[in-house]
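S.K.: This is the structure I have questions about; it appears just below.
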Amino acid sequence: MSEELESQITRILLVEGEKHERDLIQPLLPGASCELTTVNDIVVAVQKANEIKPDFVFVSSEYVSKVENLEELKKASHMFGASFVLLSSASAGASAAQYDDVVRTDQGKTELSHRLNNLLELKRAKLELTWMKQRLKNDRKLLTKYFSEDIVEGILQDEHANSLSGRHQEATIMFFDVRRSTTIAENLEPQIFAEFLSEFFTDIMDLVYGNKGSVNKLLGDGIMSTFGCPVPTENDVLNAAKCALQIRNHLATFNDVRPDYIIEPIRVGMGIATGKVFAGNIGSVRRMEYTVLGDPVNLASRLESMTKDAKVDILIDGNTRHRLGNLIKCRKVEHSGVRGKLQEIEIFSLDELLVR
């Protein structure tokens with residue numbers, strides 16, 4: 001729970017009668033966390049409620065007959081989310097219906113103390129629930145910038161989501177990069193280039209999300225996306241391949257209708273690799289970042305760079321190719337080695353998908 005919520009003062013507005021309920025109630029309230037304001041007139045109480053915005057409005061049963069004024073006070077109370085509570089020395093009967101709760105003042109001090117504390121704890125629990133719902137809403141809003149809705153749901157239900165932790169798991173990594181972006185930027189005003197890149201990336205990210213992928217990082221003129229983490233599925237490798245081919249198709253359409261200020265067709269490179277990665281939160285308790293680390297990440301980045309020399313737009317590694325089997329049409333690409341790799345790596349150009 002937030003420090004602000006922990007330190008919050010509970011404000012109580014008491015409309016007391018001739019029985020001077022304040023003398024009975026105040027000694028039973030936790031003084032450090034409660035602030036009690038007393039009035040002895042309903043009209044004044046309405047004004048006071050608008051002024052102090054209480055959490056509770058306690059009303060003496062002596063005012064039960066003043067129905068119209070009570071209704072106005074009730075509306076003012078509910079405007080600020082306050083509980084409207086009747087204080088009665090006997091059974092409230094039918095009059096209790098217009099109140100949120102009833103507290104009997106003819107009980108012993110011990111029972112009355114428990115009753116008041118239960119009311120306060122229930123109110124605090126409701127405030128905490130509201131705070132948690134708001135935090136969840138804010139977390140969801142932030143996460144939907146990087147993950148699809150179903151993956152966001154999985155993250156929010158993950159017991160590790162807010163801790164420095166993670167897991168080793170298999171995933172498919174895809175790097176995407178816009179070719180010759182520096183040249184494009186040189187021919188445009190900075191704001192126009194930024195707007196173009198933002199709109200273009202929005203379409204690419206939508207395709208990633210649509211294939212149950214996640215956007216792990218925005219890399220200036222590129223994107224690192226993951227399929228299978230944080231939430232794995234049975235079709236992560238296939239989803240990555242589908243996404244890459246959909247990006248290819250989208251790019252062809254985009255280039256046909258591209259803005260006049262984009263003089264040359266946009267070219268991209270994509271690299272896809274599959275294998276074991278570490279996926280989780282790293283950093284400190286002050287700042288955490290969800291990241292994915294491992295050999296497939298480095299390899300996917302290298303493959304994306306190698307698309308330039310191979311003169312193709314999509315390269316996949318042997319692990320990805322073998323997991324896809326006869327679901328794709330591809331060609332083996334000869335190469336002189338992958339930078340940073342001692343062992344031989346099979347590389348394939350992804351041509352098309354043979355399933356729908």
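Residues in the structure tokens are named by chain (A, B, ... in the order shown) and by number from 1 within that chain; ligands are numbered from 1 in the order shown.
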Find the residues near A:His335: any atom within 12 Å, counting only C-alpha atoms, skip ones fewer than 6 places away on the same chain, and give them as a PyMOL selection string.
M.R.: chain A and resi 303+306-307+309-310+315+344-349
S.K.: Mind the document's chain letters and residue numbers, and return as a compact mmCIF listing (two decimals) with N, CA and C atoms, in the first residue's frame the residues of stretch 76-117 of chain A that DSSP labels alpha helix (DSSP H).
M.R.:
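Generated output (part_23.txt):
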# COMPACT_ATOMS: atom_id res chain seq x y z
N ALA A 76 -24.63 15.13 0.12
CA ALA A 76 -23.33 15.78 0.29
C ALA A 76 -22.28 14.76 0.75
N SER A 77 -22.67 13.84 1.61
CA SER A 77 -21.75 12.82 2.12
C SER A 77 -21.29 11.90 0.99
N HIS A 78 -22.23 11.42 0.22
CA HIS A 78 -21.90 10.47 -0.84
C HIS A 78 -21.11 11.12 -1.97
N MET A 79 -21.21 12.44 -2.08
CA MET A 79 -20.44 13.13 -3.10
C MET A 79 -18.95 12.94 -2.89
N LYS A 109 -19.03 0.03 26.42
CA LYS A 109 -17.93 0.73 25.75
C LYS A 109 -17.06 -0.21 24.93
N THR A 110 -16.86 -1.43 25.43
CA THR A 110 -16.01 -2.38 24.71
C THR A 110 -16.63 -2.75 23.37
N GLU A 111 -17.94 -3.07 23.41
CA GLU A 111 -18.61 -3.44 22.16
C GLU A 111 -18.69 -2.25 21.20
N LEU A 112 -18.94 -1.06 21.73
CA LEU A 112 -19.03 0.13 20.89
C LEU A 112 -17.66 0.44 20.27
N SER A 113 -16.60 0.24 21.04
CA SER A 113 -15.25 0.46 20.54
C SER A 113 -14.94 -0.49 19.38
N HIS A 114 -15.29 -1.77 19.57
CA HIS A 114 -15.10 -2.75 18.49
C HIS A 114 -15.89 -2.37 17.24
N ARG A 115 -17.11 -1.91 17.46
CA ARG A 115 -17.99 -1.56 16.34
C ARG A 115 -17.40 -0.39 15.55
N LEU A 116 -16.93 0.63 16.25
CA LEU A 116 -16.35 1.79 15.58
C LEU A 116 -15.07 1.42 14.85
N ASN A 117 -14.23 0.60 15.51
CA ASN A 117 -12.97 0.20 14.86
C ASN A 117 -13.23 -0.67 13.63
S.K.: Could you list, as a PyMOL selection string, every residue within 6 Å of stretch 226-230 of chain A, counting only C-alpha atoms and ignoring same-chain residues fewer than 3 positions away?
M.R.: chain A and resi 171-173+213-214+233+236
S.K.: Filtering to N, CA and C atoms, could you give me those residues as a CSV table (one decimal), in the first residue's frame?
M.R.:
chain,number,residue,atom,x,y,z
A,171,ALA,N,12.1,-19.1,-25.9
A,171,ALA,CA,11.4,-18.0,-26.6
A,171,ALA,C,12.0,-17.7,-28.0
A,172,THR,N,11.2,-17.1,-28.8
A,172,THR,CA,11.7,-16.7,-30.1
A,172,THR,C,11.8,-15.1,-30.1
A,173,ILE,N,13.0,-14.7,-30.6
A,173,ILE,CA,13.3,-13.3,-30.6
A,173,ILE,C,13.3,-12.7,-32.0
A,213,GLY,N,2.9,-11.4,-29.7
A,213,GLY,CA,4.2,-11.0,-29.3
A,213,GLY,C,4.3,-9.9,-28.4
A,214,SER,N,5.5,-9.5,-27.9
A,214,SER,CA,5.7,-8.4,-27.0
A,214,SER,C,6.8,-7.5,-27.6
A,233,THR,N,3.4,-19.6,-25.3
A,233,THR,CA,2.3,-20.3,-25.9
A,233,THR,C,2.8,-21.5,-26.7
A,236,ASP,N,4.7,-20.1,-30.4
A,236,ASP,CA,5.5,-18.9,-30.4
A,236,ASP,C,6.4,-18.7,-31.6
S.K.: Rounded to one decimal place, report the atom CA of A:Ser61-atom CA of A:Ser88 distance in Å.
M.R.: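 Going from atom CA of A:Ser61 over to atom CA of A:Ser88, I get 5.2 Å.
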S.K.: Could you state the separation of atom CA of A:Glu68 and atom CA of A:Gln26 in Å, given to one decimal place?
M.R.: 28.0 Å
S.K.: So which residues touch A:Phe254 within 12 Å, counting only C-alpha atoms, skipping near sequence neighbours fewer than 4 positions away, as a list in words?
M.R.: Phe196, Glu199, Phe200, Asp203, Ile204, Ile247, Arg248, Asn249, His250, Arg258, Pro259, Asp260, Ile262, Glu264, Pro265, Ile266 and Arg267 of chain A
S.K.: Can you pull out the residues contacting A:Val44? Cut-off 12 Å, using only C-alpha atoms, and skip same-chain residues under 2 positions away; I want them as a list in words.
M.R.: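 In the requested format, the answer is Leu13, Leu14, Val15, Glu16, Thr37, Thr38, Val39, Asn40, Asp41, Ile42, Val46, Gln47, Lys48, Ala49, Asn50, Glu51, Asn69, Leu70, Glu72, Leu73 and Ala76 of chain A.
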S.K.: Which residue gives the smallest distance to A:Gly108 among A:Ala82, A:Ile25, A:Leu299, A:Val215, with only C-alpha atoms counted?
M.R.: A:Ile25
S.K.: Report as JSON, numbers by chain: the residues of stretch 189-297 of chain A with a DSSP assignment of strand (DSSP E), based on the backbone of this structure.
M.R.: {"A": [214, 215, 216, 217, 218, 222, 223, 224, 225, 226, 227, 268, 269, 270, 271, 272, 273, 274, 275, 276, 277, 278, 279, 280, 281, 282, 283, 288, 289, 290, 291, 292, 293]}
S.K.: Would you mind exporting the chosen residues as a tab-separated table (two decimals), in the first residue's frame, restricted to N, CA and C atoms?
M.R.:
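So again20.tsv came out as:
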chain	number	residue	atom	x	y	z
A	214	SER	N	5.46	-9.50	-27.92
A	214	SER	CA	5.67	-8.37	-27.02
A	214	SER	C	6.77	-7.50	-27.58
A	215	VAL	N	6.63	-6.21	-27.36
A	215	VAL	CA	7.68	-5.27	-27.74
A	215	VAL	C	8.56	-5.05	-26.52
A	216	ASN	N	9.76	-5.60	-26.57
A	216	ASN	CA	10.65	-5.50	-25.41
A	216	ASN	C	11.42	-4.19	-25.39
A	217	LYS	N	11.86	-3.74	-26.57
A	217	LYS	CA	12.63	-2.50	-26.63
A	217	LYS	C	12.39	-1.78	-27.96
A	218	LEU	N	12.38	-0.46	-27.88
A	218	LEU	CA	12.42	0.38	-29.08
A	218	LEU	C	13.86	0.85	-29.23
A	222	GLY	N	14.63	0.83	-34.78
A	222	GLY	CA	14.35	-0.60	-34.77
A	222	GLY	C	13.54	-1.02	-33.56
A	223	ILE	N	13.14	-2.29	-33.58
A	223	ILE	CA	12.32	-2.86	-32.50
A	223	ILE	C	12.85	-4.25	-32.15
A	224	MET	N	12.94	-4.53	-30.87
A	224	MET	CA	13.19	-5.90	-30.41
A	224	MET	C	11.89	-6.44	-29.85
A	225	SER	N	11.40	-7.51	-30.45
A	225	SER	CA	10.16	-8.11	-29.97
A	225	SER	C	10.40	-9.56	-29.59
A	226	THR	N	9.55	-10.06	-28.70
A	226	THR	CA	9.70	-11.43	-28.21
A	226	THR	C	8.39	-12.19	-28.38
A	227	PHE	N	8.52	-13.48	-28.59
A	227	PHE	CA	7.36	-14.37	-28.70
A	227	PHE	C	7.61	-15.54	-27.75
A	268	VAL	N	13.47	-2.81	-44.94
A	268	VAL	CA	13.70	-3.24	-43.55
A	268	VAL	C	14.48	-4.55	-43.54
A	269	GLY	N	15.02	-4.87	-42.37
A	269	GLY	CA	15.66	-6.15	-42.15
A	269	GLY	C	15.11	-6.76	-40.86
A	270	MET	N	14.92	-8.08	-40.87
A	270	MET	CA	14.42	-8.77	-39.68
A	270	MET	C	15.24	-10.02	-39.42
A	271	GLY	N	15.61	-10.23	-38.17
A	271	GLY	CA	16.34	-11.43	-37.77
A	271	GLY	C	15.58	-12.16	-36.69
A	272	ILE	N	15.43	-13.48	-36.82
A	272	ILE	CA	14.65	-14.29	-35.86
A	272	ILE	C	15.51	-15.45	-35.37
A	273	ALA	N	15.56	-15.63	-34.05
A	273	ALA	CA	16.29	-16.75	-33.45
A	273	ALA	C	15.49	-17.31	-32.29
A	274	THR	N	15.65	-18.61	-32.04
A	274	THR	CA	14.88	-19.31	-31.01
A	274	THR	C	15.83	-20.06	-30.08
A	275	GLY	N	15.52	-20.04	-28.79
A	275	GLY	CA	16.33	-20.78	-27.82
A	275	GLY	C	16.03	-20.36	-26.40
A	276	LYS	N	16.86	-20.80	-25.46
A	276	LYS	CA	16.68	-20.50	-24.04
A	276	LYS	C	17.14	-19.08	-23.74
A	277	VAL	N	16.30	-18.36	-23.00
A	277	VAL	CA	16.62	-17.00	-22.59
A	277	VAL	C	16.29	-16.83	-21.11
A	278	PHE	N	16.83	-15.77	-20.52
A	278	PHE	CA	16.38	-15.32	-19.20
A	278	PHE	C	15.41	-14.18	-19.43
A	279	ALA	N	14.21	-14.30	-18.89
A	279	ALA	CA	13.22	-13.25	-19.04
A	279	ALA	C	12.74	-12.84	-17.65
A	280	GLY	N	12.88	-11.58	-17.31
A	280	GLY	CA	12.44	-11.14	-16.00
A	280	GLY	C	12.87	-9.73	-15.69
A	281	ASN	N	12.67	-9.36	-14.43
A	281	ASN	CA	12.99	-8.02	-13.97
A	281	ASN	C	14.43	-7.96	-13.46
A	282	ILE	N	15.19	-6.99	-13.94
A	282	ILE	CA	16.53	-6.76	-13.42
A	282	ILE	C	16.63	-5.30	-13.01
A	283	GLY	N	17.61	-5.00	-12.17
A	283	GLY	CA	17.79	-3.63	-11.71
A	283	GLY	C	17.86	-3.58	-10.21
A	288	MET	N	13.22	-0.98	-11.80
A	288	MET	CA	13.27	-2.30	-12.42
A	288	MET	C	12.93	-2.18	-13.90
A	289	GLU	N	13.49	-3.09	-14.68
A	289	GLU	CA	13.19	-3.13	-16.11
A	289	GLU	C	13.01	-4.57	-16.52
A	290	TYR	N	11.91	-4.82	-17.22
A	290	TYR	CA	11.69	-6.17	-17.74
A	290	TYR	C	12.56	-6.33	-18.98
A	291	THR	N	13.39	-7.36	-18.99
A	291	THR	CA	14.31	-7.55	-20.10
A	291	THR	C	14.45	-9.03	-20.44
A	292	VAL	N	15.01	-9.29	-21.60
A	292	VAL	CA	15.25	-10.65	-22.06
A	292	VAL	C	16.73	-10.76	-22.44
A	293	LEU	N	17.41	-11.73	-21.87
A	293	LEU	CA	18.85	-11.89	-22.10
A	293	LEU	C	19.14	-13.31	-22.55
S.K.: Which of these residues is nearest to A:Asn235, using only C-alpha atoms: A:Asp221, A:Glu170, A:Asp256, A:Glu195?
M.R.: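 Looking only at the distances to A:Asn235, the closest residue turns out to be A:Glu170.
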S.K.: Atom CA of A:Pro232 to atom CA of A:Asp313: how many Å, to one decimal?
M.R.: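 Between atom CA of A:Pro232 and atom CA of A:Asp313 the gap works out to 26.1 Å.
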S.K.: Near A:Asn326, within 9 Å and counting only C-alpha atoms, which residues show up once chain neighbours fewer than 3 positions away are dropped, as a PyMOL selection string?
M.R.: chain A and resi 322+329+354
S.K.: Keeping only C-alpha atoms, write those residues as a short mmCIF file (atom, residue, chain, number, x, y, z; two decimals), in the first residue's frame.
M.R.:
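Written output follows (out.cif):
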data_model
loop_
_atom_site.label_atom_id
_atom_site.label_comp_id
_atom_site.auth_asym_id
_atom_site.auth_seq_id
_atom_site.Cartn_x
_atom_site.Cartn_y
_atom_site.Cartn_z
CA HIS A 322 13.69 -26.83 -37.60
CA LYS A 329 9.27 -22.33 -47.44
CA LEU A 354 2.70 -22.80 -46.17
#
S.K.: Of the residues A:Asn187, A:Gln98, A:Gln343, A:Ser89, which is the one nearest to A:Tyr261, using only C-alpha atoms?
M.R.: A:Asn187
